[in-house]
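K.L.:
Contents of target37.cif (mmCIF, C-alpha atoms):
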data_query
loop_
_atom_site.label_atom_id
_atom_site.label_comp_id
_atom_site.auth_asym_id
_atom_site.auth_seq_id
_atom_site.Cartn_x
_atom_site.Cartn_y
_atom_site.Cartn_z
CA MET A 15 14.82 47.04 -25.71
CA ASN A 16 17.90 46.03 -23.70
CA ILE A 17 20.46 43.42 -24.72
CA LEU A 18 19.04 40.71 -22.43
CA ALA A 19 15.62 41.10 -24.05
CA LYS A 20 17.22 40.81 -27.49
CA ILE A 21 19.09 37.68 -26.43
CA SER A 22 15.80 36.25 -25.19
CA ILE A 23 14.35 36.81 -28.64
CA LEU A 24 17.29 34.99 -30.19
CA MET A 25 17.09 32.14 -27.67
CA ASN A 26 13.39 31.92 -26.96
CA THR A 27 12.92 28.25 -26.15
CA GLN A 28 14.42 25.96 -23.55
CA GLU A 29 15.22 23.52 -26.35
CA GLU A 30 17.35 26.14 -28.15
CA LYS A 31 19.20 26.96 -24.93
CA ILE A 32 19.93 23.29 -24.23
CA LYS A 33 21.04 22.76 -27.84
CA LEU A 34 23.41 25.73 -27.63
CA LEU A 35 24.93 24.47 -24.39
CA SER A 36 25.21 20.92 -25.74
CA GLU A 37 27.04 22.23 -28.79
CA MET A 38 29.35 24.32 -26.61
CA ILE A 39 30.12 21.24 -24.51
CA ALA A 40 30.83 19.27 -27.68
CA PHE A 41 33.20 22.03 -28.85
CA SER A 42 34.97 22.05 -25.50
CA LEU A 43 35.54 18.30 -25.74
CA VAL A 44 36.95 18.34 -29.27
CA ASP A 45 40.47 17.81 -27.95
CA GLY A 46 39.29 14.86 -25.84
CA ARG A 47 39.54 16.71 -22.54
CA LEU A 48 37.38 19.19 -20.69
CA HIS A 49 39.58 21.91 -19.26
CA GLU A 50 38.44 23.69 -16.11
CA ARG A 51 38.48 27.03 -17.93
CA GLU A 52 36.17 25.64 -20.62
CA TYR A 53 33.81 24.17 -18.04
CA GLN A 54 33.64 27.49 -16.18
CA PHE A 55 32.96 29.43 -19.37
CA VAL A 56 30.13 27.12 -20.45
CA TRP A 57 28.71 27.27 -16.90
CA ILE A 58 28.66 31.08 -17.10
CA VAL A 59 26.71 30.87 -20.35
CA ALA A 60 24.32 28.36 -18.77
CA GLN A 61 23.68 30.76 -15.90
CA GLU A 62 22.97 33.59 -18.35
CA LEU A 63 20.46 31.31 -20.06
CA GLY A 64 18.75 30.47 -16.77
CA ILE A 65 19.83 26.81 -16.69
CA SER A 66 20.15 25.20 -13.24
CA ARG A 67 23.42 23.59 -12.14
CA GLU A 68 21.69 20.19 -12.02
CA GLU A 69 20.36 20.51 -15.57
CA PHE A 70 23.74 21.82 -16.74
CA ASN A 71 25.67 18.91 -15.25
CA GLU A 72 23.16 16.47 -16.73
CA LEU A 73 24.14 17.70 -20.21
CA PHE A 74 27.58 16.14 -19.68
CA ARG A 75 25.93 12.74 -19.17
CA LYS A 76 23.87 12.92 -22.35
CA GLU A 77 25.06 12.01 -25.80
CA LEU A 78 26.57 15.08 -27.36
CA PRO A 79 25.33 16.30 -30.72
CA SER A 80 27.25 14.75 -33.56
CA GLY A 81 26.46 17.39 -36.16
CA VAL A 82 27.52 20.57 -34.44
CA ALA A 83 26.26 23.58 -36.43
CA LYS A 84 26.69 22.15 -39.90
CA THR A 85 26.20 25.20 -42.10
CA GLU A 86 28.36 28.28 -41.96
CA PHE A 87 25.26 30.38 -41.33
CA GLU A 88 24.42 28.27 -38.25
CA ARG A 89 27.98 28.62 -36.97
CA ILE A 90 27.93 32.40 -37.52
CA GLN A 91 24.58 32.62 -35.76
CA GLN A 92 25.86 30.61 -32.80
CA PHE A 93 29.06 32.68 -32.61
CA TYR A 94 27.04 35.89 -32.54
CA ARG A 95 24.72 34.57 -29.82
CA LEU A 96 27.74 33.68 -27.69
CA ALA A 97 29.28 37.08 -28.31
CA LEU A 98 26.02 38.78 -27.30
CA LEU A 99 25.90 36.74 -24.12
CA MET A 100 29.44 37.77 -23.29
CA HIS A 101 28.53 41.44 -23.74
CA CYS A 102 25.29 41.29 -21.76
CA ASP A 103 26.89 42.26 -18.45
CA GLY A 104 28.51 45.32 -20.03
CA ILE A 105 32.00 44.05 -19.21
CA LEU A 106 34.15 42.05 -21.59
CA HIS A 107 37.08 40.47 -19.79
CA PRO A 108 40.24 39.40 -21.65
CA LYS A 109 39.52 35.75 -20.73
CA GLU A 110 36.10 36.03 -22.36
CA LYS A 111 37.64 37.51 -25.50
CA GLU A 112 40.10 34.67 -25.74
CA ALA A 113 37.40 32.05 -25.08
CA ILE A 114 35.10 33.38 -27.81
CA ARG A 115 37.99 33.54 -30.27
CA GLN A 116 38.91 29.94 -29.51
CA ILE A 117 35.30 28.81 -29.90
CA ALA A 118 35.11 30.59 -33.27
CA ILE A 119 38.27 28.81 -34.42
CA ASN A 120 36.85 25.47 -33.25
CA MET A 121 33.71 26.26 -35.25
CA GLY A 122 35.82 26.80 -38.34
CA LEU A 123 35.02 30.50 -38.60
CA ASN A 124 37.49 32.95 -40.08
CA PRO A 125 39.56 34.53 -37.27
CA SER A 126 39.91 37.84 -39.10
CA ALA A 127 36.13 38.18 -39.51
CA THR A 128 35.45 37.19 -35.90
CA ASN A 129 38.01 39.70 -34.61
CA ARG A 130 36.43 42.47 -36.69
CA ILE A 131 32.98 41.56 -35.38
CA LEU A 132 34.16 41.54 -31.77
CA LYS A 133 35.73 44.99 -32.25
CA LEU A 134 32.51 46.35 -33.74
CA MET A 135 30.53 44.90 -30.85
CA GLU A 136 32.87 46.55 -28.34
CA LYS A 137 32.33 49.93 -30.02
CA SER A 138 28.57 49.51 -30.11
CA PRO A 139 26.77 51.01 -27.09
CA ASN A 140 24.77 47.82 -26.57
CA GLY A 141 27.03 45.21 -28.20
CA ILE A 142 24.63 44.71 -31.09
CA ILE A 143 25.61 44.97 -34.73
CA ASP A 144 23.38 44.83 -37.78
CA PRO A 145 22.86 41.25 -39.04
CA GLU A 146 23.69 42.35 -42.59
CA VAL A 147 27.04 43.72 -41.39
CA LEU A 148 27.69 40.46 -39.56
CA LEU A 149 27.10 38.36 -42.66
CA ARG A 150 28.96 40.77 -44.94
CA LEU A 151 32.10 40.55 -42.79
CA PHE A 152 32.14 36.78 -43.12
CA GLN A 153 31.37 36.91 -46.84
CA GLU A 154 34.22 39.39 -47.43
CA GLN A 155 36.63 36.81 -46.08
CA LEU A 156 35.49 34.28 -48.69
CA ASN A 157 36.49 36.54 -51.58
#
Would you mind writing the file's structure down as structure tokens?
P.N.:
Amino acid sequence: MNILAKISILMNTQEEKIKLLSEMIAFSLVDGRLHEREYQFVWIVAQELGISREEFNELFRKELPSGVAKTEFERIQQFYRLALLMHCDGILHPKEKEAIRQIAINMGLNPSATNRILKLMEKSPNGIIDPEVLLRLFQEQLN
């Protein structure tokens, strides 16, 4: 099974895709301003998810979610989905690395754990790491 198929399993409904994008938009607006770089990054994710430009732009007109990924587990899960999406083309650009790191910080995730996960994903032939390893790395940072 290739990485795109695995992402499809993780994001199997249109509702989940829209929720993810809405949360990303909310994260990008945390500072009160939508930077062009942030818009472009979220648009790239929308394209990977099969969202049309019209539907994507409509998300900016809707009320943004107020409770963005409340639990740490939800934030870790969302971070990993984003990281998988960034790896799906087989090329991880420095701008993508910086964007995912910034998103993780905005989510309140531990930067050390996210950096370790990104390095493991880079070493993996398909960008996928075991879910238990993913959770363990975040739990280690709590001790």
K.L.:
Could you state which residues are captured by the PyMOL selection byres ((chain A and resi 118-135) around 7) in this file, as a PyMOL selection string?
P.N.:
chain A and resi 41+89+93+114-117+136-138+141-143+148+151-152+155
K.L.:
So how many Å separate CA of Arg150 in chain A and CA of Met100 in chain A, to one decimal?
P.N.:
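Taking CA of Arg150 in chain A as the start and CA of Met100 in chain A as the end point, the length is 21.9 Å.
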K.L.:
Run the PyMOL selection byres ((chain A and resi 57) around 12) on the file and write out the hits as a list in words.
P.N.:
Leu35, Ser36, Met38, Ile39, Ser42, Glu50, Arg51, Glu52, Tyr53, Gln54, Phe55, Val56, Ile58, Val59, Ala60, Gln61, Glu62, Leu63, Gly64, Ile65, Ser66, Arg67, Glu68, Glu69, Phe70, Asn71, Leu73 and Phe74 of chain A
K.L.:
If I take CA of Pro139 in chain A and CA of Lys109 in chain A, how far is one from the other in Å, to one decimal?
P.N.:
20.9 Å
K.L.:
Please report the interatomic distance between CA of Glu30 in chain A and CA of Tyr94 in chain A in Å with one decimal.
P.N.:
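According to the coordinates, CA of Glu30 in chain A and CA of Tyr94 in chain A are separated by 14.4 Å.
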K.L.:
Select, from A:Glu154, A:Ala113, A:Lys31, A:His49, the residue with the minimum atom-to-atom distance to Gln92 in chain A, counting only C-alpha atoms.
P.N.:
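The closest residue to Gln92 in chain A is A:Lys31.
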